[in-house]
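Chemist: Structure below; questions to follow.
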Amino acid sequence: MAAKPEMSILFVCLGNICRSPLAEGVAAAALARNGLAGRVALDSAGTGGWHVGSPPDPRSVAVATRHGIDITAQAARRLTADDFERFDLLLGMDASNVAALRAAAPPGDDARVHLFLDYALGRPHDVPDPYFGGADGFGAVYRTIQEASEALAVRLAARLESPPSSGQASSTM
Ligand code: 4NP
């Protein structure tokens, strides 16, 4: 039987059909490449509910497929209050996602909420919303998410090899 994951990450965007499902799939591949398959549970959600139950946007599916990643089994869901208990890290794709996450977090409990590119790369930049743009926007989003996912996986691999000593807060990872 597979070991229980040691940590969990929720990727969050607005609709949960373009950026965060792609991040979930790309991060899973990056974690596997860095020896962390099965050790980190991944999921994604949207702060808005328009697309609940829908598969990822075909443009996200296409760019993922071109890179050997299958995200077709995902279905959009909306962020829930439970997510703040279930996930160690909640990574928003852009500043408005992070603001929505912070507003929805239990009072005083938003230390696990971060901007994805800031957390992964130390760059306080958005993954821009590609929904209303063309297919090339999805290529750029893929490349950004891929770079950040690789950095995230390297960071988590180091962390899971040498966990902080007991007593040290782990909520901000
Ligand atoms: P996502 O993109 O947040 O990356 O999934 C969007 C998807 C749908 C909408 C906006 C952004 N929408 O307005 O329906």
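Following the order of the structure tokens, first chain is A, next is B, and so on, with residues numbered from 1 inside each chain and ligands from 1 in the order they appear.
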How close does chain A get to ligand 1? List, as CSV, each residue of chain A within 6 Å, its nearest atom pair and the distance in Å to one decimal, counting only C-alpha atoms and all ligand atoms.
Modeler:
residue,atom,partner,partner_atom_place_in_ligand_line,distance
A:Cys13,CA,ligand 1,3 (O),4.3
A:Leu14,CA,ligand 1,3 (O),3.4
A:Gly15,CA,ligand 1,5 (O),3.6
A:Asn16,CA,ligand 1,5 (O),4.0
A:Ile17,CA,ligand 1,5 (O),3.9
A:Cys18,CA,ligand 1,5 (O),3.8
A:Arg19,CA,ligand 1,4 (O),3.8
A:Asp129,CA,ligand 1,4 (O),5.3
A:Tyr131,CA,ligand 1,2 (O),4.8
Chemist: Fewer than 6 positions away in the same chain doesn't count, so skip those; otherwise give me all residues within 10 Å of Val12 (chain A), counting only C-alpha atoms, as a ChimeraX atom specification.
Modeler: /A:19-21,23-24,43-47,78-79,90-94,97-98,100-101,113,115-116
Chemist: Go ahead and save the residues from that selection, with N, CA, C and O atoms, as a short mmCIF file (atom, residue, chain, number, x, y, z; two decimals), in the first residue's frame.
Modeler:
data_model
loop_
_atom_site.label_atom_id
_atom_site.label_comp_id
_atom_site.auth_asym_id
_atom_site.auth_seq_id
_atom_site.Cartn_x
_atom_site.Cartn_y
_atom_site.Cartn_z
N ARG A 19 -5.56 27.63 -14.92
CA ARG A 19 -4.23 27.65 -14.29
C ARG A 19 -4.04 26.59 -13.21
O ARG A 19 -3.03 25.86 -13.22
N SER A 20 -4.95 26.52 -12.25
CA SER A 20 -4.68 25.62 -11.12
C SER A 20 -4.74 24.14 -11.49
O SER A 20 -3.95 23.35 -10.93
N PRO A 21 -5.62 23.70 -12.42
CA PRO A 21 -5.54 22.28 -12.81
C PRO A 21 -4.22 21.97 -13.52
O PRO A 21 -3.65 20.89 -13.34
N ALA A 23 -1.40 23.59 -12.94
CA ALA A 23 -0.38 23.57 -11.87
C ALA A 23 -0.40 22.24 -11.13
O ALA A 23 0.66 21.67 -10.82
N GLU A 24 -1.60 21.72 -10.88
CA GLU A 24 -1.68 20.43 -10.18
C GLU A 24 -0.99 19.34 -11.00
O GLU A 24 -0.20 18.55 -10.46
N ASP A 43 -4.01 19.05 -4.97
CA ASP A 43 -5.37 19.26 -5.45
C ASP A 43 -5.44 20.69 -5.96
O ASP A 43 -4.48 21.48 -5.81
N SER A 44 -6.56 21.04 -6.58
CA SER A 44 -6.75 22.42 -7.01
C SER A 44 -8.21 22.81 -6.81
O SER A 44 -9.09 21.95 -6.71
N ALA A 45 -8.43 24.12 -6.75
CA ALA A 45 -9.79 24.64 -6.53
C ALA A 45 -9.85 26.05 -7.08
O ALA A 45 -8.83 26.71 -7.31
N GLY A 46 -11.08 26.52 -7.28
CA GLY A 46 -11.30 27.89 -7.73
C GLY A 46 -12.00 28.70 -6.66
O GLY A 46 -12.76 28.15 -5.85
N THR A 47 -11.72 29.99 -6.67
CA THR A 47 -12.45 30.85 -5.71
C THR A 47 -13.85 31.15 -6.23
O THR A 47 -14.74 31.52 -5.47
N ARG A 78 -15.05 24.29 -6.18
CA ARG A 78 -14.87 25.58 -5.54
C ARG A 78 -14.16 25.40 -4.19
O ARG A 78 -14.36 24.39 -3.51
N LEU A 79 -13.34 26.36 -3.85
CA LEU A 79 -12.68 26.39 -2.54
C LEU A 79 -13.73 26.25 -1.43
O LEU A 79 -14.81 26.84 -1.51
N LEU A 90 -1.63 26.62 0.66
CA LEU A 90 -2.64 27.02 -0.32
C LEU A 90 -1.99 28.09 -1.18
O LEU A 90 -1.64 29.17 -0.70
N LEU A 91 -1.77 27.76 -2.46
CA LEU A 91 -0.98 28.62 -3.35
C LEU A 91 -1.87 29.25 -4.40
O LEU A 91 -2.38 28.56 -5.29
N GLY A 92 -2.05 30.56 -4.30
CA GLY A 92 -2.87 31.30 -5.26
C GLY A 92 -2.06 31.63 -6.49
O GLY A 92 -0.87 31.95 -6.41
N MET A 93 -2.71 31.59 -7.65
CA MET A 93 -2.02 31.87 -8.91
C MET A 93 -1.76 33.36 -9.12
O MET A 93 -0.79 33.73 -9.78
N ASP A 94 -2.66 34.21 -8.60
CA ASP A 94 -2.42 35.64 -8.76
C ASP A 94 -2.82 36.37 -7.47
O ASP A 94 -3.34 35.76 -6.52
N ASN A 97 -6.37 36.01 -6.33
CA ASN A 97 -6.65 34.70 -5.72
C ASN A 97 -6.15 34.68 -4.28
O ASN A 97 -6.82 34.15 -3.38
N VAL A 98 -4.97 35.25 -4.06
CA VAL A 98 -4.40 35.27 -2.70
C VAL A 98 -5.27 36.13 -1.78
O VAL A 98 -5.55 35.75 -0.64
N ALA A 100 -8.47 36.64 -2.12
CA ALA A 100 -9.71 35.88 -1.85
C ALA A 100 -9.44 34.77 -0.83
O ALA A 100 -10.27 34.50 0.04
N LEU A 101 -8.28 34.13 -0.95
CA LEU A 101 -7.92 33.08 0.01
C LEU A 101 -7.79 33.67 1.42
O LEU A 101 -8.29 33.09 2.39
N VAL A 113 -1.20 30.50 3.31
CA VAL A 113 -1.61 31.06 2.01
C VAL A 113 -0.44 31.85 1.41
O VAL A 113 0.14 32.71 2.08
N LEU A 115 1.34 33.39 -2.57
CA LEU A 115 1.34 33.54 -4.03
C LEU A 115 2.29 32.48 -4.59
O LEU A 115 3.45 32.38 -4.16
N PHE A 116 1.81 31.70 -5.55
CA PHE A 116 2.58 30.55 -6.05
C PHE A 116 4.01 30.93 -6.46
O PHE A 116 4.98 30.33 -6.01
#
Chemist: Show me a table, sorted first by chain and then by increasing residue number, of the residues of region 14-126 of chain A having an atom at most 10 Å from region 133-138 of chain A, each with its shortest atom pair and the distance in Å to one decimal, counting only C-alpha atoms and written as a tab-separated table.
Modeler:
residue	atom	partner	partner_atom	distance
A:Cys18	CA	A:Phe138	CA	8.3
A:Arg19	CA	A:Phe138	CA	8.6
A:Leu22	CA	A:Phe138	CA	9.7
A:Pro58	CA	A:Ala135	CA	9.9
A:Arg59	CA	A:Ala135	CA	6.4
A:Ser60	CA	A:Phe138	CA	6.5
A:Val61	CA	A:Phe138	CA	9.8
A:Ala62	CA	A:Phe138	CA	9.1
A:Val63	CA	A:Phe138	CA	6.9
A:Ala64	CA	A:Phe138	CA	9.6
Chemist: Can you list, as JSON, numbers by chain, every residue of region 61-139 of chain A that DSSP puts in alpha helix (DSSP H)?
Modeler: {"A": [61, 62, 63, 64, 65, 66, 83, 84, 85, 86, 95, 96, 97, 98, 99, 100, 101, 102, 103, 104, 116, 117, 118, 119, 120, 121, 135, 136, 137, 138, 139]}
Chemist: Just want the 7 Å neighbourhood of region 152-154 of chain A, counted on only C-alpha atoms, with same-chain residues fewer than 4 positions away dropped. Output as an MDAnalysis selection string.
Modeler: chainID A and resid 30:31 34 120 148 158
Chemist: Between A:Ala95, A:Val52, A:Ala140, A:Leu89, which has the minimum distance to Gln74 (chain A) (counting only C-alpha atoms)?
Modeler: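 So, comparing all the options, the nearest one is A:Val52.
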Chemist: Which neighbours of region 86-88 of chain A fall inside 12 Å, counting only C-alpha atoms, when residues of the same chain fewer than 6 positions from it are skipped, and could you give them as a PyMOL selection string?
Modeler: chain A and resi 5-12+40-45+79-80+105+109-114+169-173
Chemist: How would the residues just picked look written out with N, CA, C and O atoms as an mmCIF file, in the first residue's frame?
Modeler:
data_model
loop_
_atom_site.group_PDB
_atom_site.id
_atom_site.type_symbol
_atom_site.label_atom_id
_atom_site.label_comp_id
_atom_site.auth_asym_id
_atom_site.auth_seq_id
_atom_site.Cartn_x
_atom_site.Cartn_y
_atom_site.Cartn_z
ATOM 1 N N PRO A 5 0.627 10.489 2.254
ATOM 2 C CA PRO A 5 1.389 11.705 1.935
ATOM 3 C C PRO A 5 1.799 12.445 3.207
ATOM 4 O O PRO A 5 1.063 12.451 4.190
ATOM 5 N N GLU A 6 2.976 13.054 3.139
ATOM 6 C CA GLU A 6 3.496 13.767 4.309
ATOM 7 C C GLU A 6 3.079 15.214 4.343
ATOM 8 O O GLU A 6 3.195 15.880 5.362
ATOM 9 N N MET A 7 2.662 15.724 3.218
ATOM 10 C CA MET A 7 2.140 17.084 3.201
ATOM 11 C C MET A 7 1.161 17.237 2.036
ATOM 12 O O MET A 7 1.039 16.350 1.198
ATOM 13 N N SER A 8 0.490 18.381 2.024
ATOM 14 C CA SER A 8 -0.562 18.573 1.031
ATOM 15 C C SER A 8 -0.561 20.015 0.543
ATOM 16 O O SER A 8 -0.312 20.948 1.312
ATOM 17 N N ILE A 9 -0.828 20.159 -0.747
ATOM 18 C CA ILE A 9 -0.818 21.488 -1.376
ATOM 19 C C ILE A 9 -2.079 21.661 -2.202
ATOM 20 O O ILE A 9 -2.439 20.778 -2.990
ATOM 21 N N LEU A 10 -2.719 22.808 -2.059
ATOM 22 C CA LEU A 10 -3.873 23.154 -2.887
ATOM 23 C C LEU A 10 -3.492 24.337 -3.778
ATOM 24 O O LEU A 10 -3.080 25.396 -3.281
ATOM 25 N N PHE A 11 -3.607 24.151 -5.094
ATOM 26 C CA PHE A 11 -3.401 25.238 -6.051
ATOM 27 C C PHE A 11 -4.754 25.906 -6.298
ATOM 28 O O PHE A 11 -5.747 25.217 -6.541
ATOM 29 N N VAL A 12 -4.734 27.239 -6.277
ATOM 30 C CA VAL A 12 -6.011 27.962 -6.342
ATOM 31 C C VAL A 12 -5.942 29.059 -7.405
ATOM 32 O O VAL A 12 -4.983 29.841 -7.460
ATOM 33 N N VAL A 40 3.507 13.894 -1.471
ATOM 34 C CA VAL A 40 2.833 15.192 -1.351
ATOM 35 C C VAL A 40 1.480 15.084 -2.065
ATOM 36 O O VAL A 40 1.425 14.786 -3.255
ATOM 37 N N ALA A 41 0.413 15.294 -1.320
ATOM 38 C CA ALA A 41 -0.929 15.259 -1.926
ATOM 39 C C ALA A 41 -1.210 16.601 -2.582
ATOM 40 O O ALA A 41 -0.940 17.657 -1.994
ATOM 41 N N LEU A 42 -1.724 16.553 -3.803
ATOM 42 C CA LEU A 42 -2.007 17.780 -4.559
ATOM 43 C C LEU A 42 -3.487 17.838 -4.929
ATOM 44 O O LEU A 42 -4.107 16.808 -5.207
ATOM 45 N N ASP A 43 -4.007 19.053 -4.967
ATOM 46 C CA ASP A 43 -5.371 19.256 -5.446
ATOM 47 C C ASP A 43 -5.438 20.689 -5.958
ATOM 48 O O ASP A 43 -4.481 21.480 -5.811
ATOM 49 N N SER A 44 -6.563 21.044 -6.577
ATOM 50 C CA SER A 44 -6.752 22.422 -7.009
ATOM 51 C C SER A 44 -8.208 22.810 -6.814
ATOM 52 O O SER A 44 -9.090 21.946 -6.715
ATOM 53 N N ALA A 45 -8.434 24.116 -6.755
ATOM 54 C CA ALA A 45 -9.791 24.639 -6.529
ATOM 55 C C ALA A 45 -9.855 26.054 -7.080
ATOM 56 O O ALA A 45 -8.832 26.706 -7.314
ATOM 57 N N LEU A 79 -13.337 26.361 -3.847
ATOM 58 C CA LEU A 79 -12.680 26.395 -2.538
ATOM 59 C C LEU A 79 -13.726 26.249 -1.432
ATOM 60 O O LEU A 79 -14.807 26.836 -1.514
ATOM 61 N N THR A 80 -13.401 25.465 -0.394
ATOM 62 C CA THR A 80 -14.304 25.317 0.750
ATOM 63 C C THR A 80 -13.581 25.720 2.034
ATOM 64 O O THR A 80 -12.347 25.754 2.079
ATOM 65 N N ALA A 105 -9.936 32.655 4.706
ATOM 66 C CA ALA A 105 -9.230 31.889 5.740
ATOM 67 C C ALA A 105 -9.828 32.187 7.108
ATOM 68 O O ALA A 105 -10.324 33.290 7.350
ATOM 69 N N ASP A 109 -5.438 32.888 10.530
ATOM 70 C CA ASP A 109 -4.914 31.588 10.113
ATOM 71 C C ASP A 109 -4.604 31.567 8.616
ATOM 72 O O ASP A 109 -4.969 30.639 7.913
ATOM 73 N N ASP A 110 -3.930 32.616 8.140
ATOM 74 C CA ASP A 110 -3.634 32.636 6.700
ATOM 75 C C ASP A 110 -2.152 32.419 6.403
ATOM 76 O O ASP A 110 -1.687 32.690 5.315
ATOM 77 N N ALA A 111 -1.404 31.878 7.386
ATOM 78 C CA ALA A 111 0.040 31.706 7.189
ATOM 79 C C ALA A 111 0.354 30.666 6.130
ATOM 80 O O ALA A 111 1.465 30.632 5.605
ATOM 81 N N ARG A 112 -0.596 29.811 5.813
ATOM 82 C CA ARG A 112 -0.357 28.784 4.793
ATOM 83 C C ARG A 112 -0.726 29.265 3.397
ATOM 84 O O ARG A 112 -0.590 28.528 2.429
ATOM 85 N N VAL A 113 -1.205 30.496 3.306
ATOM 86 C CA VAL A 113 -1.609 31.065 2.010
ATOM 87 C C VAL A 113 -0.442 31.847 1.410
ATOM 88 O O VAL A 113 0.143 32.714 2.079
ATOM 89 N N HIS A 114 -0.077 31.528 0.182
ATOM 90 C CA HIS A 114 1.017 32.236 -0.497
ATOM 91 C C HIS A 114 0.681 32.418 -1.974
ATOM 92 O O HIS A 114 -0.094 31.650 -2.544
ATOM 93 N N ALA A 169 7.642 25.995 14.157
ATOM 94 C CA ALA A 169 6.389 26.093 13.419
ATOM 95 C C ALA A 169 6.596 25.573 12.003
ATOM 96 O O ALA A 169 7.600 25.852 11.363
ATOM 97 N N SER A 170 5.648 24.787 11.521
ATOM 98 C CA SER A 170 5.779 24.257 10.166
ATOM 99 C C SER A 170 4.734 24.845 9.238
ATOM 100 O O SER A 170 4.712 24.566 8.063
ATOM 101 N N SER A 171 3.886 25.721 9.770
ATOM 102 C CA SER A 171 2.732 26.118 8.977
ATOM 103 C C SER A 171 3.119 26.933 7.751
ATOM 104 O O SER A 171 2.431 26.903 6.754
ATOM 105 N N THR A 172 4.227 27.634 7.814
ATOM 106 C CA THR A 172 4.598 28.413 6.648
ATOM 107 C C THR A 172 5.567 27.673 5.739
ATOM 108 O O THR A 172 5.949 28.181 4.702
ATOM 109 N N MET A 173 5.942 26.461 6.146
ATOM 110 C CA MET A 173 6.867 25.613 5.366
ATOM 111 C C MET A 173 8.115 26.380 5.009
ATOM 112 O O MET A 173 8.562 26.429 3.909
#
Chemist: With only C-alpha atoms as the basis for distance, which of A:Arg77, A:Asp82, A:Ala151, A:Ala28 is at the shortest distance from Asp118 (chain A)?
Modeler: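 Once distances to Asp118 (chain A) are computed over only C-alpha atoms, the minimum belongs to A:Ala151.
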Chemist: Calculate how many Å separate CA of His51 (chain A) from CA of Arg102 (chain A), rounding to one decimal.
Modeler: 21.7 Å
Chemist: Can you tell me how far CA of Val141 (chain A) sits from CA of Pro128 (chain A), in Å to one decimal?
Modeler: 7.1 Å
